[in-house]
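Asker: I'm passing along coords34.tsv; it holds TSV, C-alpha atoms.
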```tsv
chain	number	residue	atom	x	y	z
A	1	MET	CA	-50.76	-15.05	-43.94
A	2	GLU	CA	-51.92	-18.07	-42.03
A	3	LEU	CA	-49.54	-19.56	-39.53
A	4	HIS	CA	-49.37	-22.84	-41.41
A	5	ASP	CA	-48.44	-21.06	-44.63
A	6	ALA	CA	-45.94	-18.87	-42.86
A	7	LEU	CA	-44.29	-21.84	-41.21
A	8	THR	CA	-44.25	-23.72	-44.48
A	9	ASP	CA	-42.69	-20.76	-46.22
A	10	LEU	CA	-40.07	-20.37	-43.53
A	11	ALA	CA	-39.23	-24.07	-43.52
A	12	GLY	CA	-38.89	-23.98	-47.28
A	13	THR	CA	-35.96	-21.60	-47.06
A	14	VAL	CA	-33.62	-24.24	-45.72
A	15	THR	CA	-31.45	-25.89	-48.31
A	16	ASP	CA	-30.84	-29.58	-48.56
A	17	ASP	CA	-27.53	-31.32	-48.01
A	18	PRO	CA	-26.66	-33.62	-50.92
A	19	HIS	CA	-24.24	-35.58	-48.76
A	20	ARG	CA	-26.70	-36.35	-46.02
A	21	LEU	CA	-27.01	-40.06	-46.72
A	22	ALA	CA	-23.26	-40.58	-46.72
A	23	ASN	CA	-22.93	-38.52	-43.56
A	24	VAL	CA	-25.64	-40.54	-41.83
A	25	HIS	CA	-23.91	-43.79	-42.66
A	26	ALA	CA	-20.61	-42.37	-41.44
A	27	ARG	CA	-22.22	-41.32	-38.15
A	28	HIS	CA	-23.80	-44.72	-37.81
A	29	ARG	CA	-20.45	-46.41	-38.28
A	30	ARG	CA	-18.90	-44.17	-35.65
A	31	ARG	CA	-21.72	-44.89	-33.22
A	32	ARG	CA	-21.36	-48.61	-33.84
A	33	ARG	CA	-17.61	-48.52	-33.37
A	34	THR	CA	-18.01	-46.57	-30.15
A	35	ARG	CA	-20.66	-48.96	-28.90
A	36	VAL	CA	-18.55	-51.98	-29.74
A	37	ALA	CA	-15.52	-50.45	-28.07
A	38	VAL	CA	-17.43	-49.61	-24.91
A	39	THR	CA	-19.00	-53.06	-24.78
A	40	ALA	CA	-15.67	-54.74	-25.37
A	41	ALA	CA	-14.00	-52.68	-22.68
A	42	SER	CA	-16.75	-53.45	-20.18
A	43	THR	CA	-16.68	-57.14	-21.00
A	44	ALA	CA	-12.92	-57.24	-20.82
A	45	GLY	CA	-13.00	-55.57	-17.45
A	46	VAL	CA	-15.49	-58.01	-16.00
A	47	VAL	CA	-13.85	-61.05	-17.53
A	48	GLY	CA	-10.44	-59.80	-16.51
A	49	ALA	CA	-11.57	-59.35	-12.95
A	50	ALA	CA	-13.07	-62.82	-12.88
A	51	VAL	CA	-9.97	-64.36	-14.41
A	52	VAL	CA	-7.69	-62.60	-11.95
A	53	VAL	CA	-9.72	-63.66	-8.97
A	54	GLY	CA	-10.14	-67.16	-10.32
A	55	ALA	CA	-6.49	-67.59	-11.20
A	56	LEU	CA	-5.33	-66.31	-7.87
A	57	ALA	CA	-7.84	-68.38	-5.98
A	58	PHE	CA	-6.78	-71.62	-7.59
A	59	SER	CA	-3.68	-72.99	-6.02
A	60	PRO	CA	-0.80	-74.36	-8.06
A	61	SER	CA	-0.90	-77.27	-5.67
A	62	SER	CA	-2.74	-80.23	-7.12
A	63	SER	CA	-3.78	-81.74	-3.86
A	64	GLY	CA	-5.94	-79.29	-2.13
A	65	GLY	CA	-5.07	-75.65	-2.35
A	66	PRO	CA	-7.70	-72.97	-2.10
A	67	GLN	CA	-10.16	-73.13	-4.93
A	68	ALA	CA	-12.91	-70.94	-6.23
A	69	ASN	CA	-16.39	-71.49	-7.43
A	70	LEU	CA	-18.11	-68.85	-9.54
A	71	ALA	CA	-21.65	-68.42	-8.39
A	72	ALA	CA	-24.17	-65.67	-8.94
A	73	GLY	CA	-21.67	-63.10	-10.05
A	74	ALA	CA	-19.41	-63.58	-7.08
A	75	VAL	CA	-16.47	-65.73	-6.28
A	76	TRP	CA	-16.42	-68.18	-3.48
A	77	VAL	CA	-12.89	-68.67	-2.34
A	78	ASP	CA	-12.25	-71.72	-0.27
A	79	VAL	CA	-9.56	-70.74	2.15
A	80	ALA	CA	-9.30	-73.22	4.92
A	81	THR	CA	-9.84	-76.73	3.80
A	82	SER	CA	-6.54	-77.53	2.24
A	83	GLY	CA	-5.79	-80.16	4.77
A	84	ARG	CA	-2.18	-79.16	5.05
A	85	ALA	CA	-0.68	-76.80	7.52
A	86	PRO	CA	0.42	-74.51	6.12
A	87	SER	CA	0.20	-75.28	2.47
A	88	ALA	CA	-1.45	-73.45	-0.32
A	89	VAL	CA	-1.09	-69.92	-1.43
A	90	THR	CA	-4.26	-67.98	-1.37
A	91	SER	CA	-5.15	-64.45	-2.22
A	92	THR	CA	-7.42	-61.68	-1.09
A	93	THR	CA	-7.15	-59.80	-4.33
A	94	LEU	CA	-10.56	-58.52	-5.33
A	95	GLY	CA	-9.85	-58.26	-9.02
A	96	GLY	CA	-9.66	-55.41	-11.50
A	97	GLY	CA	-6.30	-54.35	-10.18
A	98	GLN	CA	-7.69	-53.56	-6.76
A	99	SER	CA	-6.38	-55.41	-3.81
A	100	ALA	CA	-7.80	-55.58	-0.37
A	101	PRO	CA	-5.61	-54.27	2.40
A	102	GLY	CA	-3.44	-56.97	3.78
A	103	PRO	CA	-1.29	-59.66	2.31
A	104	LYS	CA	-0.26	-59.74	-1.32
A	105	VAL	CA	-0.41	-62.64	-3.67
A	106	GLY	CA	2.20	-65.18	-2.88
A	107	GLU	CA	2.85	-63.80	0.55
A	108	GLN	CA	0.09	-65.61	2.33
A	109	THR	CA	-0.30	-69.19	3.35
A	110	CYS	CA	-3.35	-70.77	4.84
A	111	GLY	CA	-4.23	-74.15	6.14
A	112	VAL	CA	-5.74	-76.04	8.96
A	113	PRO	CA	-4.37	-78.65	11.33
A	114	VAL	CA	-4.02	-82.02	9.70
A	115	PRO	CA	-6.98	-84.17	10.63
A	116	ALA	CA	-6.38	-87.56	12.02
A	117	GLY	CA	-8.58	-89.19	9.43
A	118	GLY	CA	-6.68	-88.05	6.38
A	119	PRO	CA	-6.76	-85.05	4.13
A	120	PRO	CA	-10.07	-83.26	3.80
A	121	LYS	CA	-11.86	-82.39	0.63
A	122	ALA	CA	-10.50	-79.37	-1.12
A	123	MET	CA	-13.65	-77.50	-2.04
A	124	VAL	CA	-17.26	-77.39	-1.11
A	125	PRO	CA	-19.50	-75.02	-2.99
A	126	ALA	CA	-22.13	-72.99	-1.26
A	127	ASP	CA	-24.77	-72.95	-3.92
A	128	GLY	CA	-26.86	-75.84	-2.75
A	129	ARG	CA	-25.11	-78.60	-4.59
A	130	PRO	CA	-24.49	-81.86	-2.73
A	131	GLU	CA	-21.82	-81.64	-0.12
A	132	PRO	CA	-18.90	-84.05	-0.21
A	133	PRO	CA	-18.97	-86.91	2.24
A	134	PRO	CA	-17.98	-85.97	5.77
A	135	ARG	CA	-14.66	-86.93	7.12
A	136	PRO	CA	-14.62	-89.68	9.67
A	137	GLU	CA	-12.87	-87.68	12.37
A	138	PRO	CA	-13.04	-84.11	13.58
A	139	LEU	CA	-10.91	-81.64	11.68
A	140	SER	CA	-10.29	-79.29	14.54
A	141	THR	CA	-11.64	-78.09	17.82
A	142	PRO	CA	-13.61	-74.92	17.18
A	143	VAL	CA	-15.53	-72.90	19.73
A	144	TRP	CA	-19.14	-71.95	19.20
A	145	THR	CA	-20.57	-69.21	21.40
A	146	GLY	CA	-24.32	-68.84	21.14
A	147	THR	CA	-26.74	-71.38	19.80
A	148	PRO	CA	-24.77	-74.09	18.04
A	149	PRO	CA	-26.29	-76.69	15.75
A	150	PRO	CA	-27.61	-79.85	17.36
A	151	VAL	CA	-25.15	-82.63	17.96
A	152	GLY	CA	-24.99	-85.14	15.16
A	153	VAL	CA	-26.86	-83.01	12.67
A	154	PRO	CA	-24.95	-81.74	9.64
A	155	PHE	CA	-25.05	-77.98	9.21
A	156	SER	CA	-24.50	-75.68	6.27
A	157	LEU	CA	-24.70	-72.07	7.38
A	158	ASN	CA	-23.97	-68.59	6.12
A	159	GLY	CA	-22.46	-65.79	8.14
A	160	THR	CA	-19.98	-62.97	8.15
A	161	VAL	CA	-16.28	-63.04	8.87
A	162	THR	CA	-15.83	-60.80	11.89
A	163	GLY	CA	-12.23	-61.50	12.76
A	164	THR	CA	-9.07	-63.21	11.64
A	165	THR	CA	-5.77	-63.96	13.32
A	166	ASN	CA	-2.72	-65.94	12.39
A	167	ASP	CA	-4.29	-69.13	13.63
A	168	SER	CA	-8.03	-68.66	13.74
A	169	VAL	CA	-11.03	-67.28	11.93
A	170	THR	CA	-14.12	-65.90	13.62
A	171	ILE	CA	-17.47	-66.06	11.91
A	172	THR	CA	-20.68	-64.55	13.20
A	173	VAL	CA	-23.49	-66.85	12.20
A	174	SER	CA	-27.13	-65.87	12.09
A	175	ASP	CA	-28.82	-68.40	9.92
A	176	GLY	CA	-32.01	-70.03	11.05
A	177	SER	CA	-31.90	-71.84	14.34
A	178	SER	CA	-28.14	-71.62	14.73
A	179	GLU	CA	-26.51	-68.35	15.63
A	180	GLY	CA	-23.58	-67.02	17.52
A	181	THR	CA	-19.87	-66.71	17.06
A	182	PHE	CA	-17.89	-69.55	15.61
A	183	VAL	CA	-14.13	-69.55	16.08
A	184	PHE	CA	-12.11	-72.28	14.50
A	185	PRO	CA	-8.39	-72.84	13.85
A	186	SER	CA	-7.08	-71.83	10.47
A	187	VAL	CA	-3.38	-71.25	10.06
A	188	CYS	CA	-2.97	-68.14	7.96
A	189	ASP	CA	0.14	-66.05	8.14
A	190	PRO	CA	-0.50	-63.20	7.79
A	191	PRO	CA	-4.20	-63.34	8.59
A	192	LEU	CA	-6.72	-63.36	5.80
A	193	ALA	CA	-7.96	-59.90	4.95
A	194	VAL	CA	-11.55	-61.00	4.59
A	195	VAL	CA	-13.18	-59.37	7.60
A	196	GLY	CA	-16.68	-58.38	6.67
A	197	ALA	CA	-16.93	-60.86	3.85
A	198	GLU	CA	-19.85	-63.21	3.53
A	199	ALA	CA	-18.84	-66.68	4.66
A	200	HIS	CA	-20.16	-70.16	4.39
A	201	ILE	CA	-19.38	-73.03	6.70
A	202	ALA	CA	-20.48	-76.62	6.55
A	203	GLY	CA	-19.87	-79.58	8.76
A	204	THR	CA	-21.29	-81.59	11.63
A	205	ARG	CA	-21.34	-81.02	15.35
A	206	THR	CA	-20.00	-84.31	16.62
A	207	GLY	CA	-20.08	-83.58	20.32
A	208	LEU	CA	-20.68	-80.89	22.90
A	209	ASP	CA	-17.41	-79.15	22.06
A	210	THR	CA	-16.31	-80.91	18.91
A	211	TYR	CA	-17.12	-80.08	15.33
A	212	GLU	CA	-16.28	-81.69	12.09
A	213	LEU	CA	-15.73	-78.78	9.75
A	214	ARG	CA	-15.92	-79.75	6.11
A	215	ALA	CA	-15.97	-76.42	4.36
A	216	PHE	CA	-15.24	-72.78	4.89
A	217	ALA	CA	-15.57	-70.33	2.03
A	218	VAL	CA	-15.64	-66.57	1.78
A	219	ARG	CA	-17.41	-64.70	-0.93
A	220	VAL	CA	-15.28	-62.20	-2.78
A	221	GLN	CA	-17.21	-59.74	-4.94
A	222	PRO	CA	-15.32	-59.00	-8.16
A	223	SER	CA	-14.87	-55.36	-9.07
A	224	PRO	CA	-17.13	-54.25	-11.94
A	225	SER	CA	-14.25	-52.57	-13.79
B	1	MET	CA	-45.38	-16.94	-52.90
B	2	LEU	CA	-45.63	-20.13	-51.01
B	3	ASP	CA	-43.67	-23.09	-52.20
B	4	THR	CA	-45.83	-25.79	-50.77
B	5	ASP	CA	-44.44	-28.48	-53.03
B	6	THR	CA	-41.14	-28.40	-51.23
B	7	ALA	CA	-42.25	-27.38	-47.80
B	8	VAL	CA	-44.93	-29.78	-46.68
B	9	ASP	CA	-44.60	-33.42	-45.86
B	10	ASP	CA	-45.69	-35.70	-48.63
B	11	TYR	CA	-48.59	-37.25	-46.82
B	12	ASP	CA	-50.41	-38.04	-50.04
B	13	ALA	CA	-47.41	-39.68	-51.58
B	14	PRO	CA	-47.41	-43.40	-52.39
B	15	PRO	CA	-46.25	-45.80	-49.69
B	16	LEU	CA	-42.70	-45.32	-48.64
B	17	PRO	CA	-40.02	-47.83	-49.42
B	18	THR	CA	-38.75	-49.45	-46.27
B	19	ASP	CA	-35.17	-49.39	-47.45
B	20	PHE	CA	-33.25	-46.92	-45.32
B	21	ASP	CA	-31.39	-45.21	-48.12
B	22	SER	CA	-34.56	-44.73	-50.09
B	23	TYR	CA	-36.28	-43.38	-47.03
B	24	VAL	CA	-33.53	-40.84	-46.43
B	25	ILE	CA	-33.58	-39.68	-50.01
B	26	ARG	CA	-37.34	-39.47	-50.05
B	27	ARG	CA	-38.23	-38.07	-46.65
B	28	SER	CA	-35.21	-36.42	-45.12
B	29	PRO	CA	-35.94	-33.05	-46.77
B	30	ALA	CA	-39.21	-32.97	-44.86
B	31	LEU	CA	-37.36	-33.89	-41.70
B	32	LEU	CA	-34.90	-31.12	-42.37
B	33	ARG	CA	-37.66	-28.54	-42.68
B	34	LEU	CA	-39.22	-29.73	-39.46
B	35	ALA	CA	-35.83	-29.61	-37.77
B	36	PHE	CA	-35.26	-26.11	-39.07
B	37	LEU	CA	-38.45	-24.87	-37.47
B	38	LEU	CA	-37.41	-26.50	-34.20
B	39	THR	CA	-33.86	-25.22	-34.15
B	40	GLY	CA	-34.06	-22.05	-36.21
B	41	ASP	CA	-30.68	-22.76	-37.69
B	42	ARG	CA	-29.85	-24.52	-40.93
B	43	PHE	CA	-26.71	-26.21	-39.64
B	44	LYS	CA	-28.27	-27.32	-36.38
B	45	ALA	CA	-31.20	-28.63	-38.36
B	46	GLU	CA	-28.94	-30.67	-40.60
B	47	ASP	CA	-27.08	-31.96	-37.56
B	48	LEU	CA	-30.35	-32.84	-35.90
B	49	VAL	CA	-31.57	-34.75	-38.94
B	50	GLN	CA	-28.36	-36.69	-39.33
B	51	THR	CA	-28.22	-37.52	-35.64
B	52	THR	CA	-31.81	-38.72	-35.74
B	53	LEU	CA	-31.26	-40.86	-38.82
B	54	ALA	CA	-28.11	-42.37	-37.37
B	55	LYS	CA	-30.09	-43.28	-34.26
B	56	VAL	CA	-32.92	-44.96	-36.10
B	57	LEU	CA	-30.59	-46.74	-38.51
B	58	HIS	CA	-29.42	-48.83	-35.58
B	59	ARG	CA	-32.79	-50.57	-35.43
B	60	TRP	CA	-34.13	-49.79	-38.86
B	61	ASP	CA	-35.24	-53.28	-39.78
B	62	ALA	CA	-37.45	-53.59	-36.73
B	63	THR	CA	-38.84	-50.11	-37.26
B	64	ALA	CA	-39.60	-50.60	-40.92
B	65	ALA	CA	-41.17	-53.97	-40.26
B	66	LYS	CA	-43.94	-52.26	-38.29
B	67	GLY	CA	-45.03	-50.15	-41.23
B	68	ASP	CA	-44.32	-46.56	-42.18
B	69	PRO	CA	-41.24	-45.62	-40.18
B	70	HIS	CA	-41.77	-41.88	-40.57
B	71	PRO	CA	-43.84	-41.30	-37.39
B	72	TYR	CA	-41.17	-43.06	-35.35
B	73	VAL	CA	-38.38	-41.11	-37.00
B	74	ARG	CA	-40.24	-37.87	-36.39
B	75	THR	CA	-40.71	-38.78	-32.74
B	76	VAL	CA	-37.01	-39.48	-32.37
B	77	LEU	CA	-36.22	-36.17	-34.04
B	78	ILE	CA	-38.53	-34.24	-31.72
B	79	HIS	CA	-37.12	-35.83	-28.60
B	80	THR	CA	-33.57	-35.36	-29.80
B	81	ALA	CA	-34.31	-31.69	-30.40
B	82	LEU	CA	-35.88	-31.30	-26.97
B	83	GLY	CA	-32.86	-33.00	-25.42
B	84	TRP	CA	-30.47	-30.69	-27.21
B	85	ARG	CA	-31.61	-27.69	-25.20
B	86	ARG	CA	-29.40	-29.01	-22.43
B	87	ARG	CA	-26.36	-29.13	-24.65
B	88	LYS	CA	-23.73	-26.61	-23.75
B	89	TRP	CA	-23.21	-25.25	-27.21
B	90	GLU	CA	-26.88	-24.44	-27.47
B	91	GLY	CA	-25.96	-21.19	-25.78
B	92	GLU	CA	-24.03	-20.04	-28.82
B	93	GLN	CA	-25.59	-17.48	-31.06
B	94	SER	CA	-26.24	-18.55	-34.59
B	95	THR	CA	-24.68	-16.45	-37.32
B	96	TYR	CA	-27.17	-17.61	-39.89
B	97	GLN	CA	-28.80	-14.70	-41.66
B	98	LEU	CA	-31.27	-14.60	-44.45
B	99	PRO	CA	-29.87	-13.14	-47.67
B	100	GLU	CA	-30.72	-9.54	-48.39
B	101	HIS	CA	-32.63	-8.64	-51.50
B	102	ALA	CA	-33.04	-4.91	-51.23
B	103	SER	CA	-33.88	-4.44	-54.88
B	104	ASP	CA	-37.14	-6.36	-54.65
B	105	HIS	CA	-39.55	-4.73	-52.24
B	106	ASP	CA	-41.93	-7.72	-52.01
B	107	PHE	CA	-39.17	-10.20	-51.49
B	108	ALA	CA	-37.55	-7.98	-48.89
B	109	ASP	CA	-40.83	-7.78	-47.07
B	110	LEU	CA	-41.22	-11.54	-47.20
B	111	ALA	CA	-37.66	-12.04	-46.00
B	112	ALA	CA	-38.31	-9.68	-43.13
B	113	ARG	CA	-41.42	-11.57	-42.17
B	114	ARG	CA	-39.57	-14.87	-42.30
B	115	HIS	CA	-36.86	-13.47	-40.13
B	116	GLN	CA	-39.45	-12.12	-37.72
B	117	LEU	CA	-41.26	-15.44	-37.54
B	118	ARG	CA	-38.05	-17.36	-37.06
B	119	SER	CA	-36.99	-15.05	-34.25
B	120	ALA	CA	-40.37	-15.36	-32.60
B	121	LEU	CA	-40.27	-19.14	-32.85
B	122	LEU	CA	-36.87	-19.24	-31.22
B	123	GLN	CA	-38.19	-17.27	-28.28
B	124	LEU	CA	-40.74	-19.96	-27.49
B	125	PRO	CA	-39.85	-22.59	-24.94
B	126	PRO	CA	-38.80	-25.80	-26.74
B	127	ARG	CA	-41.90	-27.80	-25.90
B	128	GLN	CA	-44.24	-24.98	-26.86
B	129	ARG	CA	-42.31	-24.58	-30.10
B	130	ALA	CA	-42.53	-28.30	-30.79
B	131	ALA	CA	-46.26	-28.32	-30.08
B	132	VAL	CA	-46.90	-25.38	-32.38
B	133	VAL	CA	-44.80	-26.83	-35.17
B	134	LEU	CA	-46.36	-30.26	-34.92
B	135	ARG	CA	-49.89	-28.89	-34.86
B	136	HIS	CA	-49.61	-26.04	-37.33
B	137	TYR	CA	-46.83	-27.10	-39.66
B	138	ASP	CA	-46.94	-30.87	-39.62
B	139	ASP	CA	-50.76	-30.80	-39.33
B	140	LEU	CA	-50.83	-33.47	-36.68
B	141	SER	CA	-53.93	-33.91	-34.60
B	142	GLU	CA	-53.78	-33.25	-30.88
B	143	GLU	CA	-53.67	-36.97	-30.24
B	144	GLN	CA	-50.86	-37.50	-32.72
B	145	ALA	CA	-48.88	-34.60	-31.31
B	146	ALA	CA	-49.39	-35.94	-27.82
B	147	ALA	CA	-48.07	-39.31	-28.92
B	148	VAL	CA	-45.01	-37.72	-30.51
B	149	LEU	CA	-44.28	-35.50	-27.53
B	150	GLY	CA	-45.02	-38.23	-25.03
B	151	CYS	CA	-47.54	-36.18	-23.08
B	152	SER	CA	-51.30	-35.88	-22.69
B	153	VAL	CA	-53.67	-34.28	-25.13
B	154	GLY	CA	-54.43	-31.62	-22.56
B	155	THR	CA	-50.77	-30.75	-22.34
B	156	VAL	CA	-50.59	-30.43	-26.10
B	157	LYS	CA	-53.59	-28.11	-26.04
B	158	SER	CA	-52.17	-25.91	-23.35
B	159	GLN	CA	-48.67	-25.84	-24.83
B	160	THR	CA	-50.03	-24.98	-28.24
B	161	ALA	CA	-52.31	-22.28	-26.89
B	162	LYS	CA	-49.53	-20.71	-24.88
B	163	GLY	CA	-47.16	-20.92	-27.82
B	164	LEU	CA	-49.64	-19.31	-30.18
B	165	GLU	CA	-50.41	-16.57	-27.73
B	166	ARG	CA	-46.73	-15.88	-27.26
B	167	LEU	CA	-46.14	-15.94	-31.02
B	168	ARG	CA	-48.99	-13.55	-31.60
B	169	THR	CA	-47.63	-11.15	-29.03
B	170	LEU	CA	-44.13	-11.29	-30.44
B	171	LEU	CA	-45.25	-10.82	-34.02
B	172	GLU	CA	-47.61	-7.98	-33.21
B	173	THR	CA	-45.01	-6.05	-31.31
B	174	ASN	CA	-42.32	-6.79	-33.90
B	175	ASP	CA	-40.11	-7.75	-31.05
B	176	ASP	CA	-36.90	-9.01	-32.54
B	177	PRO	CA	-34.01	-9.32	-30.11
B	178	ASN	CA	-31.65	-10.33	-32.90
B	179	ASP	CA	-31.98	-7.03	-34.66
```
Represent the supplied structure as C-alpha cells.
Answerer:
Amino acid sequence: MELHDALTDLAGTVTDDPHRLANVHARHRRRRRTRVAVTAASTAGVVGAAVVVGALAFSPSSSGGPQANLAAGAVWVDVATSGRAPSAVTSTTLGGGQSAPGPKVGEQTCGVPVPAGGPPKAMVPADGRPEPPPRPEPLSTPVWTGTPPPVGVPFSLNGTVTGTTNDSVTITVSDGSSEGTFVFPSVCDPPLAVVGAEAHIAGTRTGLDTYELRAFAVRVQPSPS
Amino acid sequence: MLDTDTAVDDYDAPPLPTDFDSYVIRRSPALLRLAFLLTGDRFKAEDLVQTTLAKVLHRWDATAAKGDPHPYVRTVLIHTALGWRRRKWEGEQSTYQLPEHASDHDFADLAARRHQLRSALLQLPPRQRAAVVLRHYDDLSEEQAAAVLGCSVGTVKSQTAKGLERLRTLLETNDDPND
C-alpha cells in the first residue's frame, strides 16, 4: 500500500465530533473573556498607578502646592516651587501600591524660602513648553559647583538628584555647556526620598553667586502594575 | 478498502463559504484527520482542531477576506501541534486503541497495519512527522509545505527524507513499542 493511501486510511479511522462548532464558539468566548479580563486588569493597574501618583502629587492647597504633569509615560512632580515655607504636602509614592522608602503621604512638607518679589509660579513643565515669566527677584541663594550657566542667560537643564536634606536639594547637572553640582534651599521635612530621580531645573543666573530658580521637578516613573 | 471520500481534503470541491460556521461544518473533518495524523490520538486531535479554530475565529473576517482561509487555518493547526510538544501533558500515554475484529482476518490485518503505521508516525520527531504528513497525506508541494512549516524548501526535503527513511525502518522491522 502506498504511503498516501495508508495515511489516508489511517486518518479516516478518526470519528467526527458533532458538537465541534458549539465547542469552538465556547472556547472562543472563553478566550475573549480572558483577553478582556487581562486587558482590563492591565489598564486598571496603569491607570490606577497614574491616578494615585497624580492625586498625591496635586496639593489640596489652591495657591501653589506641588503639582504634576504627565509626560511621556512618567510623572513630573514639582516639589519645590510652592512659594511658601513650609506649605504643601507632597508625596514620593511611586504608584501601584509601592512607596519609595522615606516619608509617607501626609507626613512630608516641602517649600522654599519666600521670595522677596512675591509668590513664585506653582508649576513649570519640562517638556519644552513655554516657561512662565521669571520672577523679578532671586528666589534663593543656591550654590553651583562646576560650570554654571552664564550670568543673565536663562537656563533649563536636566540632571539627577544626588542628595536631599531637610533644607536643601543637590542636583548633579550634566546637560550641554553647564555641568556640576547645584545645591539650593528647599525646606522639606523629612527630606524628599527622590535621590537618583531625574530632575529638571529652570531659572536664570542673575549674578556670580545668585540664581533665580523658577522650577524644580523630579520625574517619578509610575509602576507598570 | 480505502475510504478516500472521507479521508482526503476536498480540493476539488466548489469554493468555500467564508462564513465561519459553514467553514467548520465543511472543512473541519479534514482538519481533524490531519490533526489525527499529527497527534496520533483522537482526543488530542479534536482538541487541536478546536483550539486552532478558536484561534482563527478571533480574526476570521480578515482571514476570510483574503480568500480561501483553509491554508491559513492549516498553518495555524500545524504550528499549534508543533508547539504542543512542549506541553507537560504530552508526556502522558494515550489509552486510545483500535477496536479488535478478530473474526475478520482481512480487517484484523488492516487494523494491525493501521496500528503499526500510527505507532511509527508517533516515533517520528514532530517536524519530520509534519513534513511527511503535509507532503504525503495533504499532497502539498515542497514549496507549500515550506510555507506552512515556516522553513526553507531544503529543510522540507531533508525532513521528509529523514522521516520517510525512519518510517520505512520502523515499518520493516515491525517495531512497535506500544505492543
Asker: Any idea what's packed within 7 Å of Arg114 (chain B), counting only C-alpha atoms, ignoring anything in its chain fewer than 4 positions away? Could you give it as a list in words?
Answerer: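 What passes the distance filter is Leu10 of chain A; Leu110 and Arg118 of chain B.
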Asker: Once you count all atoms listed in the file, what closest atom pair and distance in Å to one decimal does each residue of chain B within 8 Å of chain A have, with rows by chain and rising residue number, as a Markdown table?
Answerer:
```
| residue | atom | partner | partner_atom | distance |
| --- | --- | --- | --- | --- |
| B:Leu2 | CA | A:Asp9 | CA | 5.7 |
| B:Asp3 | CA | A:Asp9 | CA | 6.5 |
| B:Thr4 | CA | A:Thr8 | CA | 6.8 |
| B:Thr6 | CA | A:Gly12 | CA | 6.3 |
| B:Ala7 | CA | A:Gly12 | CA | 4.8 |
| B:Val8 | CA | A:Thr8 | CA | 6.5 |
| B:Asp21 | CA | A:Leu21 | CA | 6.9 |
| B:Val24 | CA | A:Leu21 | CA | 6.6 |
| B:Ile25 | CA | A:Leu21 | CA | 7.4 |
| B:Pro29 | CA | A:Asp16 | CA | 6.4 |
| B:Leu32 | CA | A:Asp16 | CA | 7.6 |
| B:Arg33 | CA | A:Ala11 | CA | 4.8 |
| B:Leu34 | CA | A:Ala11 | CA | 7.0 |
| B:Phe36 | CA | A:Ala11 | CA | 6.3 |
| B:Leu37 | CA | A:Ala11 | CA | 6.2 |
| B:Arg42 | CA | A:Val14 | CA | 6.1 |
| B:Glu46 | CA | A:Asp17 | CA | 7.6 |
| B:Gln50 | CA | A:Val24 | CA | 5.3 |
| B:Thr51 | CA | A:Val24 | CA | 7.4 |
| B:Leu53 | CA | A:Val24 | CA | 6.4 |
| B:Ala54 | CA | A:His28 | CA | 4.9 |
| B:Lys55 | CA | A:His28 | CA | 7.4 |
| B:Leu57 | CA | A:His28 | CA | 7.1 |
| B:His58 | CA | A:His28 | CA | 7.3 |
| B:Arg114 | CA | A:Leu10 | CA | 5.7 |
| B:Leu117 | CA | A:Leu10 | CA | 7.8 |
| B:Arg118 | CA | A:Leu10 | CA | 7.4 |
| B:Val133 | CA | A:Leu7 | CA | 7.9 |
| B:His136 | CA | A:His4 | CA | 5.2 |
| B:Tyr137 | CA | A:His4 | CA | 5.3 |
```
Asker: Please enclose the listed atoms of region 18-25 of chain B in an axis-aligned box, pad each side by 3 Å, and write out the centre and the three edge lengths in Å, rounded to one decimal, as JSON.
Answerer:
```
{"center_x": -35.1, "center_y": -44.6, "center_z": -47.7, "size_x": 13.4, "size_y": 15.8, "size_z": 10.8}
```
Asker: List the neighbours of His200 (chain A) out to 7 Å using all atoms listed in the file; skip same-chain residues closer than 6 positions along the sequence, and give me the result as a ChimeraX atom specification.
Answerer: /A:126,157-159,216-218
Asker: Please report the interatomic distance between CA of Val36 (chain A) and CA of Phe20 (chain B) in Å with one decimal.
Answerer: 22.0 Å
Asker: Any idea what's packed within 9 Å of Ala81 (chain B), counting all atoms listed in the file, ignoring anything in its chain fewer than 3 positions away? Could you give it as a list in words?
Answerer: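 The residues satisfying every condition are Ala35, Leu38, Thr39, Leu48, Val76, Leu77, Ile78, Trp84, Arg85, Pro126 and Ala130 of chain B.
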Asker: Hey, can you check how far CA of Thr210 (chain A) sits from CA of Thr145 (chain A)?
Answerer: 12.7 Å
Asker: So, with only C-alpha atoms as the atoms that count, which of A:Glu179, A:Ala197, A:Arg219, A:Pro185 lies closest to Val161 (chain A)?
Answerer: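 Going through A:Glu179, A:Ala197, A:Arg219, A:Pro185 one by one, the smallest distance to Val161 (chain A) is for A:Ala197.
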Asker: Go through B:Thr160, B:Ser152, B:Gln144, B:Ser22 and flag the residue nearest Arg74 (chain B), using all atoms listed in the file for the distances.
Answerer: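 The shortest atom-to-atom distance to Arg74 (chain B) comes from B:Gln144.
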Asker: List as a VMD selection string the protein and nucleic acid residues near Pro150 (chain A), meaning an atom at most 12 Å away when only C-alpha atoms are counted, but skip any in the same chain fewer than 2 places from it.
Answerer: chain A and resid 144 147 to 148 152 to 155 177 to 179 203 to 211
Asker: Using CA of Ala30 (chain B) and CA of Asp68 (chain B) as the two end points, give the distance in Å to one decimal.
Answerer: 14.8 Å
Asker: Would you mind telling me which residue in B:Arg129, B:Ala161, B:Cys151, B:Asp19 lies nearest to Ala65 (chain B) when using only C-alpha atoms?
Answerer: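 Between B:Arg129, B:Ala161, B:Cys151, B:Asp19, the residue approaching Ala65 (chain B) most closely is B:Asp19.
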Asker: Near region 153-156 of chain B, counting all atoms listed in the file, which residues have an atom at most 7 Å away, once you skip same-chain residues fewer than 5 positions from it, shown as an MDAnalysis selection string?
Answerer: chainID B and resid 131 142:143 145:146
